[in-house]
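Engineer: Just so it is clear, I am handing over query_5.pdb, which has PDB, C-alpha atoms, pLDDT in the B column.
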ATOM      1  CA  MET A   1      29.984 -18.250 -12.767  1.00 54.00           C
ATOM      2  CA  ARG A   2      29.593 -21.172 -15.156  1.00 59.00           C
ATOM      3  CA  LEU A   3      26.043 -20.075 -15.937  1.00 52.00           C
ATOM      4  CA  ASP A   4      27.213 -16.529 -16.786  1.00 56.00           C
ATOM      5  CA  ARG A   5      29.869 -17.907 -19.153  1.00 58.00           C
ATOM      6  CA  ALA A   6      27.341 -20.246 -20.764  1.00 55.00           C
ATOM      7  CA  ARG A   7      24.932 -17.343 -21.271  1.00 53.00           C
ATOM      8  CA  ALA A   8      27.703 -15.211 -22.737  1.00 53.00           C
ATOM      9  CA  ARG A   9      28.644 -17.984 -25.196  1.00 53.00           C
ATOM     10  CA  ALA A  10      24.989 -18.378 -26.162  1.00 52.00           C
ATOM     11  CA  GLY A  11      24.580 -14.611 -26.575  1.00 51.00           C
ATOM     12  CA  LEU A  12      22.010 -14.440 -23.746  1.00 60.00           C
ATOM     13  CA  GLY A  13      23.893 -11.695 -21.908  1.00 66.00           C
ATOM     14  CA  LYS A  14      23.342  -9.198 -24.708  1.00 66.00           C
ATOM     15  CA  ILE A  15      20.667  -7.128 -26.340  1.00 65.00           C
ATOM     16  CA  GLY A  16      21.876  -6.580 -29.862  1.00 67.00           C
ATOM     17  CA  ASP A  17      25.564  -5.874 -29.511  1.00 71.00           C
ATOM     18  CA  ARG A  18      25.243  -4.356 -26.014  1.00 71.00           C
ATOM     19  CA  GLU A  19      25.708  -6.043 -22.669  1.00 76.00           C
ATOM     20  CA  LEU A  20      22.403  -6.878 -21.032  1.00 69.00           C
ATOM     21  CA  GLN A  21      23.003  -4.829 -17.894  1.00 71.00           C
ATOM     22  CA  LEU A  22      23.926  -1.665 -19.817  1.00 71.00           C
ATOM     23  CA  ALA A  23      21.097  -2.044 -22.307  1.00 67.00           C
ATOM     24  CA  GLY A  24      18.639  -2.710 -19.473  1.00 69.00           C
ATOM     25  CA  ALA A  25      19.802   0.332 -17.507  1.00 69.00           C
ATOM     26  CA  ASN A  26      19.299   2.562 -20.537  1.00 73.00           C
ATOM     27  CA  ALA A  27      15.845   1.081 -21.118  1.00 74.00           C
ATOM     28  CA  ALA A  28      14.943   1.733 -17.479  1.00 76.00           C
ATOM     29  CA  ASP A  29      16.152   5.340 -17.750  1.00 80.00           C
ATOM     30  CA  ASN A  30      14.043   5.812 -20.884  1.00 82.00           C
ATOM     31  CA  CYS A  31      10.998   4.407 -19.079  1.00 86.00           C
ATOM     32  CA  VAL A  32      11.469   6.898 -16.225  1.00 85.00           C
ATOM     33  CA  VAL A  33      11.717   9.785 -18.695  1.00 87.00           C
ATOM     34  CA  ASP A  34       8.586   8.582 -20.515  1.00 87.00           C
ATOM     35  CA  TRP A  35       6.705   8.159 -17.232  1.00 87.00           C
ATOM     36  CA  ASP A  36       7.696  11.626 -16.020  1.00 86.00           C
ATOM     37  CA  ALA A  37       6.512  13.144 -19.319  1.00 88.00           C
ATOM     38  CA  HIS A  38       3.233  11.231 -19.068  1.00 84.00           C
ATOM     39  CA  THR A  39       2.556  12.302 -15.483  1.00 82.00           C
ATOM     40  CA  GLU A  40       3.244  15.924 -16.429  1.00 84.00           C
ATOM     41  CA  GLU A  41       0.749  15.667 -19.324  1.00 84.00           C
ATOM     42  CA  VAL A  42      -1.835  14.213 -16.948  1.00 78.00           C
ATOM     43  CA  ARG A  43      -1.152  16.913 -14.351  1.00 77.00           C
ATOM     44  CA  LEU A  44      -1.650  19.632 -16.960  1.00 79.00           C
ATOM     45  CA  ALA A  45      -4.932  18.049 -18.137  1.00 74.00           C
ATOM     46  CA  THR A  46      -6.458  17.768 -14.682  1.00 80.00           C
ATOM     47  CA  ILE A  47      -8.465  20.421 -12.958  1.00 83.00           C
ATOM     48  CA  ALA A  48      -6.235  22.760 -10.986  1.00 85.00           C
ATOM     49  CA  LEU A  49      -6.722  23.089  -7.270  1.00 88.00           C
ATOM     50  CA  PRO A  50      -6.205  26.397  -5.528  1.00 94.00           C
ATOM     51  CA  THR A  51      -2.728  26.550  -4.023  1.00 95.00           C
ATOM     52  CA  VAL A  52      -4.128  26.945  -0.529  1.00 97.00           C
ATOM     53  CA  VAL A  53      -6.003  23.624  -0.855  1.00 94.00           C
ATOM     54  CA  SER A  54      -3.001  21.771  -2.305  1.00 92.00           C
ATOM     55  CA  ASP A  55      -0.759  23.175   0.411  1.00 96.00           C
ATOM     56  CA  LEU A  56      -3.186  22.224   3.187  1.00 95.00           C
ATOM     57  CA  LEU A  57      -3.509  18.668   1.880  1.00 94.00           C
ATOM     58  CA  GLY A  58       0.257  18.356   1.591  1.00 94.00           C
ATOM     59  CA  ARG A  59       0.852  19.716   5.085  1.00 97.00           C
ATOM     60  CA  LEU A  60      -1.813  17.451   6.555  1.00 96.00           C
ATOM     61  CA  THR A  61      -0.292  14.406   4.883  1.00 95.00           C
ATOM     62  CA  ASP A  62       3.181  15.379   6.126  1.00 97.00           C
ATOM     63  CA  GLU A  63       1.924  15.825   9.679  1.00 97.00           C
ATOM     64  CA  ILE A  64       0.192  12.442   9.669  1.00 97.00           C
ATOM     65  CA  GLU A  65       3.404  10.822   8.385  1.00 97.00           C
ATOM     66  CA  LYS A  66       5.358  12.471  11.234  1.00 97.00           C
ATOM     67  CA  LEU A  67       2.722  11.363  13.743  1.00 97.00           C
ATOM     68  CA  THR A  68       3.102   7.790  12.527  1.00 97.00           C
ATOM     69  CA  ARG A  69       6.642   7.687  13.959  1.00 97.00           C
ATOM     70  CA  SER A  70       5.486   8.519  17.488  1.00 97.00           C
ATOM     71  CA  SER A  71       1.939   7.140  17.523  1.00 97.00           C
ATOM     72  CA  PRO A  72       0.706   4.957  14.670  1.00 97.00           C
ATOM     73  CA  LEU A  73      -2.758   4.721  16.249  1.00 98.00           C
ATOM     74  CA  ALA A  74      -3.080   8.496  16.467  1.00 98.00           C
ATOM     75  CA  ALA A  75      -1.981   8.715  12.825  1.00 97.00           C
ATOM     76  CA  ALA A  76      -4.579   6.104  11.859  1.00 98.00           C
ATOM     77  CA  ARG A  77      -7.227   8.081  13.739  1.00 98.00           C
ATOM     78  CA  ALA A  78      -6.184  11.262  11.929  1.00 97.00           C
ATOM     79  CA  ALA A  79      -6.384   9.453   8.582  1.00 97.00           C
ATOM     80  CA  HIS A  80      -9.845   8.170   9.482  1.00 97.00           C
ATOM     81  CA  LEU A  81     -10.945  11.708  10.362  1.00 97.00           C
ATOM     82  CA  MET A  82      -9.608  12.826   6.976  1.00 94.00           C
ATOM     83  CA  GLN A  83     -11.871  10.231   5.349  1.00 93.00           C
ATOM     84  CA  VAL A  84     -14.863  11.475   7.330  1.00 94.00           C
ATOM     85  CA  ALA A  85     -14.082  15.091   6.429  1.00 95.00           C
ATOM     86  CA  ALA A  86     -13.653  14.164   2.758  1.00 92.00           C
ATOM     87  CA  LYS A  87     -17.017  12.395   2.761  1.00 91.00           C
ATOM     88  CA  GLN A  88     -18.726  15.392   4.382  1.00 94.00           C
ATOM     89  CA  ALA A  89     -17.024  17.995   2.202  1.00 95.00           C
ATOM     90  CA  GLY A  90     -17.388  16.008  -1.014  1.00 95.00           C
ATOM     91  CA  ARG A  91     -21.043  15.036  -0.879  1.00 96.00           C
ATOM     92  CA  TRP A  92     -22.672  18.089  -2.472  1.00 97.00           C
ATOM     93  CA  PRO A  93     -19.923  18.882  -4.998  1.00 96.00           C
ATOM     94  CA  ALA A  94     -19.928  15.247  -6.129  1.00 96.00           C
ATOM     95  CA  GLN A  95     -23.699  15.187  -6.552  1.00 96.00           C
ATOM     96  CA  LYS A  96     -23.585  18.440  -8.513  1.00 97.00           C
ATOM     97  CA  ALA A  97     -20.753  17.130 -10.701  1.00 96.00           C
ATOM     98  CA  LEU A  98     -22.682  13.910 -11.378  1.00 94.00           C
ATOM     99  CA  ASN A  99     -25.672  15.924 -12.558  1.00 94.00           C
ATOM    100  CA  ASP A 100     -23.907  18.757 -14.380  1.00 96.00           C
ATOM    101  CA  THR A 101     -20.603  17.432 -15.755  1.00 94.00           C
ATOM    102  CA  ASP A 102     -19.882  15.508 -18.944  1.00 94.00           C
ATOM    103  CA  ARG A 103     -18.411  12.051 -18.170  1.00 93.00           C
ATOM    104  CA  HIS A 104     -15.304  12.644 -20.244  1.00 93.00           C
ATOM    105  CA  ASP A 105     -14.616  16.006 -18.595  1.00 92.00           C
ATOM    106  CA  ALA A 106     -15.067  14.454 -15.158  1.00 93.00           C
ATOM    107  CA  ALA A 107     -12.676  11.620 -16.022  1.00 92.00           C
ATOM    108  CA  VAL A 108      -9.975  14.019 -17.208  1.00 88.00           C
ATOM    109  CA  ALA A 109     -10.400  16.289 -14.206  1.00 89.00           C
ATOM    110  CA  LEU A 110     -10.262  13.417 -11.719  1.00 90.00           C
ATOM    111  CA  VAL A 111      -7.524  11.458 -13.570  1.00 87.00           C
ATOM    112  CA  VAL A 112      -9.573   8.278 -13.852  1.00 91.00           C
ATOM    113  CA  SER A 113     -11.592   6.487 -16.523  1.00 94.00           C
ATOM    114  CA  GLU A 114     -15.114   7.637 -17.331  1.00 95.00           C
ATOM    115  CA  ASN A 115     -16.554   4.736 -15.347  1.00 95.00           C
ATOM    116  CA  GLY A 116     -14.097   5.461 -12.555  1.00 96.00           C
ATOM    117  CA  ALA A 117     -15.183   9.109 -12.441  1.00 95.00           C
ATOM    118  CA  ARG A 118     -18.834   8.130 -12.281  1.00 95.00           C
ATOM    119  CA  SER A 119     -18.128   5.597  -9.534  1.00 95.00           C
ATOM    120  CA  LEU A 120     -15.965   8.022  -7.531  1.00 94.00           C
ATOM    121  CA  LEU A 121     -18.521  10.807  -7.745  1.00 96.00           C
ATOM    122  CA  ALA A 122     -21.325   8.431  -6.763  1.00 95.00           C
ATOM    123  CA  HIS A 123     -19.300   7.206  -3.801  1.00 93.00           C
ATOM    124  CA  LEU A 124     -18.439  10.732  -2.648  1.00 93.00           C
ATOM    125  CA  GLY A 125     -21.969  11.919  -3.342  1.00 95.00           C
ATOM    126  CA  ASP A 126     -23.463   9.007  -1.431  1.00 93.00           C
ATOM    127  CA  VAL A 127     -25.729   8.075  -4.338  1.00 93.00           C
ATOM    128  CA  SER A 128     -26.379   4.781  -6.088  1.00 92.00           C
ATOM    129  CA  LEU A 129     -25.377   4.320  -9.697  1.00 84.00           C
ATOM    130  CA  TYR A 130     -28.289   1.933 -10.099  1.00 85.00           C
ATOM    131  CA  GLY A 131     -31.226   4.143  -9.267  1.00 68.00           C
TER     132      GLY A 131
END
Written as structure tokens, that's how I'd like the structure from this file.
Structural biologist:
Amino acid sequence: MRLDRARARAGLGKIGDRELQLAGANAADNCVVDWDAHTEEVRLATIALPTVVSDLLGRLTDEIEKLTRSSPLAAARAAHLMQVAAKQAGRWPAQKALNDTDRHDAAVALVVSENGARSLLAHLGDVSLYG
């Protein structure tokens, strides 16, 4: 209590003429609004997936989360099998994208930096970036 009163006397409990807690809450709300707007811009700039693919991925994720409650090891196995399937399914598209796609376009589509896109595609495509 004494510390709060000392801060109040020193003006440390305020931002401008507003109480710190109220000013901080408004700043946090503004950050959430800004973040939501940013994520929507990013979503609109990325390459769209067919609804059937998005739905399947969402359902699979939901089912693995449910499985976690009853059998974490089975859920971990399912997640591992997802990784294997992703590696198998992604190899040829990733190699083609590495060869045929502009770095900037790949970065925007994959929502990563240009170097990140190149690294991700190389990883999925099972190719070395170094020759």
Engineer: In Å to one decimal, how far is atom CA of A:Val111 from atom CA of A:Pro93?
Structural biologist: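 Atom-to-atom, atom CA of A:Pro93 to atom CA of A:Val111, that is 16.8 Å.
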Engineer: Could you check how far atom CA of A:Ala97 sits from atom CA of A:Val53, in Å to one decimal?
Structural biologist: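 Interatomic distance, atom CA of A:Ala97 to atom CA of A:Val53: 18.9 Å.
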Engineer: Would you kindly translate the PyMOL selection byres ((chain A and resi 119) around 12) into the concrete residues it picks from this file, as an MDAnalysis selection string?
Structural biologist: chainID A and resid 94:95 97:98 103 106:107 110 112:118 120:130
Engineer: Hey, what's within 10 Å of A:Ala76 if we count only C-alpha atoms and toss same-chain stuff fewer than 5 positions away? As an NGL selection string, please?
Structural biologist: :A and (64-65 or 67-68 or 71 or 81-82)
Engineer: So what do you get for atom CA of A:Val108 versus atom CA of A:Asn30, distance-wise?
Structural biologist: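 Interatomic distance, atom CA of A:Val108 to atom CA of A:Asn30: 25.6 Å.
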Engineer: Please write out, as lines of an AutoDock Vina configuration file, where the centre of an axis-aligned box around all listed atoms of stretch 45-60 of chain A lies and how long its edges are, in Å to one decimal, after adding 6 Å on each side.
Structural biologist:
center_x = -3.8
center_y = 22.2
center_z = -5.8
size_x = 21.3
size_y = 21.5
size_z = 36.7
Engineer: Quick one: residues within 12 Å of A:Ala79, all atoms listed in the file, excluding same-chain residues fewer than 5 positions away - as a list in words?
Structural biologist: Leu57, Leu60, Thr61, Asp62, Glu63, Ile64, Glu65, Leu67, Thr68, Pro72, Leu73, Ala74, Val84, Ala85 and Ala86 of chain A
Engineer: Point out the residue among A:His80, A:Ala109, A:Ala27, A:Lys66 with the least atom-to-atom distance to A:Val42, counting all atoms listed in the file.
Structural biologist: A:Ala109
Engineer: Rebuild N, CA and C atoms on stretch 80-105 of chain A, as an mmCIF file, keeping the file's coordinate frame?
Structural biologist:
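That gives us part-v7.cif:
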data_model
loop_
_atom_site.group_PDB
_atom_site.id
_atom_site.type_symbol
_atom_site.label_atom_id
_atom_site.label_comp_id
_atom_site.auth_asym_id
_atom_site.auth_seq_id
_atom_site.Cartn_x
_atom_site.Cartn_y
_atom_site.Cartn_z
ATOM 1 N N HIS A 80 -8.406 8.466 9.474
ATOM 2 C CA HIS A 80 -9.845 8.170 9.482
ATOM 3 C C HIS A 80 -10.657 9.467 9.499
ATOM 4 N N LEU A 81 -10.241 10.428 10.314
ATOM 5 C CA LEU A 81 -10.945 11.708 10.362
ATOM 6 C C LEU A 81 -10.839 12.449 9.035
ATOM 7 N N MET A 82 -9.723 12.259 8.333
ATOM 8 C CA MET A 82 -9.608 12.826 6.976
ATOM 9 C C MET A 82 -10.662 12.209 6.057
ATOM 10 N N GLN A 83 -10.857 10.893 6.165
ATOM 11 C CA GLN A 83 -11.871 10.231 5.349
ATOM 12 C C GLN A 83 -13.263 10.776 5.654
ATOM 13 N N VAL A 84 -13.557 10.950 6.930
ATOM 14 C CA VAL A 84 -14.863 11.475 7.330
ATOM 15 C C VAL A 84 -15.044 12.891 6.779
ATOM 16 N N ALA A 85 -14.009 13.710 6.928
ATOM 17 C CA ALA A 85 -14.082 15.091 6.429
ATOM 18 C C ALA A 85 -14.254 15.110 4.913
ATOM 19 N N ALA A 86 -13.542 14.230 4.219
ATOM 20 C CA ALA A 86 -13.653 14.164 2.758
ATOM 21 C C ALA A 86 -15.077 13.775 2.362
ATOM 22 N N LYS A 87 -15.649 12.834 3.065
ATOM 23 C CA LYS A 87 -17.017 12.395 2.761
ATOM 24 C C LYS A 87 -18.002 13.540 2.984
ATOM 25 N N GLN A 88 -17.820 14.278 4.093
ATOM 26 C CA GLN A 88 -18.726 15.392 4.382
ATOM 27 C C GLN A 88 -18.544 16.528 3.373
ATOM 28 N N ALA A 89 -17.297 16.871 3.103
ATOM 29 C CA ALA A 89 -17.024 17.995 2.202
ATOM 30 C C ALA A 89 -17.338 17.663 0.748
ATOM 31 N N GLY A 90 -17.232 16.391 0.385
ATOM 32 C CA GLY A 90 -17.388 16.008 -1.014
ATOM 33 C C GLY A 90 -18.781 15.669 -1.456
ATOM 34 N N ARG A 91 -19.707 15.517 -0.514
ATOM 35 C CA ARG A 91 -21.043 15.036 -0.879
ATOM 36 C C ARG A 91 -21.751 15.932 -1.885
ATOM 37 N N TRP A 92 -21.922 17.195 -1.579
ATOM 38 C CA TRP A 92 -22.672 18.089 -2.472
ATOM 39 C C TRP A 92 -21.926 18.388 -3.767
ATOM 40 N N PRO A 93 -20.617 18.661 -3.714
ATOM 41 C CA PRO A 93 -19.923 18.882 -4.998
ATOM 42 C C PRO A 93 -19.985 17.655 -5.909
ATOM 43 N N ALA A 94 -19.880 16.469 -5.313
ATOM 44 C CA ALA A 94 -19.928 15.247 -6.129
ATOM 45 C C ALA A 94 -21.298 15.065 -6.755
ATOM 46 N N GLN A 95 -22.359 15.313 -5.991
ATOM 47 C CA GLN A 95 -23.699 15.187 -6.552
ATOM 48 C C GLN A 95 -23.917 16.191 -7.677
ATOM 49 N N LYS A 96 -23.454 17.415 -7.469
ATOM 50 C CA LYS A 96 -23.585 18.440 -8.513
ATOM 51 C C LYS A 96 -22.805 18.041 -9.762
ATOM 52 N N ALA A 97 -21.583 17.553 -9.565
ATOM 53 C CA ALA A 97 -20.753 17.130 -10.701
ATOM 54 C C ALA A 97 -21.406 15.972 -11.449
ATOM 55 N N LEU A 98 -21.993 15.027 -10.720
ATOM 56 C CA LEU A 98 -22.682 13.910 -11.378
ATOM 57 C C LEU A 98 -23.808 14.402 -12.270
ATOM 58 N N ASN A 99 -24.524 15.407 -11.816
ATOM 59 C CA ASN A 99 -25.672 15.924 -12.558
ATOM 60 C C ASN A 99 -25.284 16.886 -13.674
ATOM 61 N N ASP A 100 -24.204 17.636 -13.488
ATOM 62 C CA ASP A 100 -23.907 18.757 -14.380
ATOM 63 C C ASP A 100 -22.682 18.582 -15.273
ATOM 64 N N THR A 101 -21.884 17.546 -15.057
ATOM 65 C CA THR A 101 -20.603 17.432 -15.755
ATOM 66 C C THR A 101 -20.612 16.284 -16.748
ATOM 67 N N ASP A 102 -20.075 16.536 -17.932
ATOM 68 C CA ASP A 102 -19.882 15.508 -18.944
ATOM 69 C C ASP A 102 -18.946 14.426 -18.393
ATOM 70 N N ARG A 103 -19.224 13.170 -18.682
ATOM 71 C CA ARG A 103 -18.411 12.051 -18.170
ATOM 72 C C ARG A 103 -16.942 12.165 -18.556
ATOM 73 N N HIS A 104 -16.693 12.525 -19.793
ATOM 74 C CA HIS A 104 -15.304 12.644 -20.244
ATOM 75 C C HIS A 104 -14.581 13.756 -19.483
ATOM 76 N N ASP A 105 -15.230 14.892 -19.329
ATOM 77 C CA ASP A 105 -14.616 16.006 -18.595
ATOM 78 C C ASP A 105 -14.339 15.620 -17.147
#
